[in-house]
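Visitor: protein.csv is the file, holding CSV, C-alpha atoms:
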```csv
chain,number,residue,atom,x,y,z
A,20,MET,CA,62.0,28.2,33.4
A,21,ASN,CA,58.8,27.5,31.5
A,22,ALA,CA,55.7,26.4,33.3
A,23,PRO,CA,54.5,22.9,32.4
A,24,THR,CA,51.9,22.8,29.7
A,25,PRO,CA,48.6,21.2,30.8
A,26,PRO,CA,47.8,18.0,29.0
A,27,ARG,CA,45.7,18.2,26.0
A,28,PRO,CA,42.6,16.1,25.6
A,29,PRO,CA,42.9,13.2,23.2
A,30,LEU,CA,42.0,13.8,19.6
A,31,ASP,CA,38.9,11.8,19.7
A,32,ASP,CA,36.8,13.1,16.8
A,33,SER,CA,37.2,13.9,13.1
A,34,CYS,CA,36.0,17.0,11.4
A,35,PRO,CA,33.3,16.2,8.8
A,36,ARG,CA,34.5,19.1,6.6
A,37,CYS,CA,38.3,18.5,6.5
A,38,GLY,CA,38.6,15.0,8.0
A,39,GLY,CA,41.2,16.2,10.5
A,40,ALA,CA,41.4,14.9,14.0
A,41,PHE,CA,40.3,17.1,16.9
A,42,HIS,CA,38.8,17.1,20.4
A,43,CYS,CA,35.3,18.5,20.6
A,44,GLY,CA,34.8,20.3,23.9
A,45,ALA,CA,31.3,21.5,23.3
A,46,SER,CA,29.9,19.5,26.2
A,47,GLU,CA,32.8,20.5,28.5
A,48,PRO,CA,33.0,23.7,30.6
A,49,ARG,CA,35.4,25.3,28.0
A,50,CYS,CA,35.9,24.8,24.3
A,51,ASP,CA,37.9,27.0,21.8
A,52,CYS,CA,34.7,27.4,19.7
A,53,PHE,CA,32.9,29.2,22.6
A,54,ASP,CA,34.9,32.4,21.7
A,55,LEU,CA,34.2,32.2,18.0
A,56,ARG,CA,31.4,34.4,16.7
A,57,LEU,CA,29.5,32.9,13.7
A,58,SER,CA,26.6,34.7,12.0
A,59,GLU,CA,23.2,33.2,12.3
A,60,THR,CA,23.2,32.6,8.6
A,61,LEU,CA,26.4,30.6,8.8
A,62,ARG,CA,25.3,28.7,11.8
A,63,GLN,CA,22.1,27.7,10.0
A,64,ARG,CA,24.0,26.6,6.9
A,65,LEU,CA,26.5,24.5,8.9
A,66,ALA,CA,23.7,22.9,10.9
A,67,ALA,CA,21.9,21.9,7.7
A,68,GLN,CA,25.1,20.6,6.0
A,69,TYR,CA,26.8,18.8,9.0
A,70,SER,CA,25.4,16.7,11.8
A,71,ARG,CA,28.6,17.0,14.0
A,72,CYS,CA,30.9,19.7,15.2
A,73,LEU,CA,33.6,21.0,12.9
A,74,CYS,CA,37.2,21.6,14.1
A,75,ILE,CA,38.2,25.1,15.2
A,76,ALA,CA,40.4,25.6,12.1
A,77,CYS,CA,37.5,25.0,9.8
A,78,LEU,CA,35.1,27.2,11.8
A,79,LYS,CA,37.7,30.0,11.8
A,80,ALA,CA,38.2,29.6,8.0
A,81,LEU,CA,34.5,29.6,7.3
A,82,ALA,CA,33.9,32.7,9.6
A,83,ALA,CA,36.8,34.5,7.8
A,84,SER,CA,35.6,33.6,4.3
A,85,GLU,CA,32.1,34.8,5.3
A,86,ALA,CA,33.5,38.1,6.5
A,87,GLU,CA,35.2,38.5,3.2
A,88,GLY,CA,31.9,37.8,1.4
A,89,GLU,CA,32.8,34.3,0.2
A,90,SER,CA,31.0,31.0,0.6
A,91,ALA,CA,33.5,28.3,1.3
A,92,ALA,CA,31.4,25.6,3.0
```
Translate this file's structure into structure tokens.
Guide:
Amino acid sequence: MNAPTPPRPPLDDSCPRCGGAFHCGASEPRCDCFDLRLSETLRQRLAAQYSRCLCIACLKALAASEAEGESAA
């Protein structure tokens, strides 16, 4: 028997990069983005380009492309 899945927070925000719906948990005790490591250069570039949080999928894609030496922002 599978354990019940905890309820997910409502998708109450939209990503300014991809437009997809997501729940930003930055002001909560736990958010998926807390485990993601972004370089200081990428963090500065994103802060200059966007005034709101990006979804975890975009953050992961940007971090991966940076690791590959690309600029996908």
Visitor: One number please: CA of Tyr69 in chain A to CA of Pro35 in chain A, in Å, one decimal.
Guide: 7.0 Å
Visitor: Can you pull out the residues contacting Arg56 in chain A? Cut-off 10 Å, using only C-alpha atoms, and skip same-chain residues under 4 positions away; I want them as a ChimeraX atom specification.
Guide: /A:52,62,78-79,82
Visitor: Can you measure CA of Glu59 in chain A to CA of Arg71 in chain A for me? One decimal in Å is fine.
Guide: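 That distance, rounded to one decimal, is 17.2 Å.
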Visitor: Report, in Å to a single decimal, how far apart CA of Cys34 in chain A and CA of Leu73 in chain A are.
Guide: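 We find that CA of Leu73 in chain A and CA of Cys34 in chain A lie 4.9 Å from each other.
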Visitor: Between A:Ala86, A:Ala67, A:Cys50, A:Cys74, single out the one closest to Asp32 in chain A, counting only C-alpha atoms.
Guide: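 Using only C-alpha atoms, the shortest distance to Asp32 in chain A belongs to A:Cys74.
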Visitor: Find the residue from A:Leu30, A:His42, A:Asp54, A:Cys37 that sits nearest to Cys77 in chain A; use all atoms listed in the file when measuring.
Guide: A:Cys37
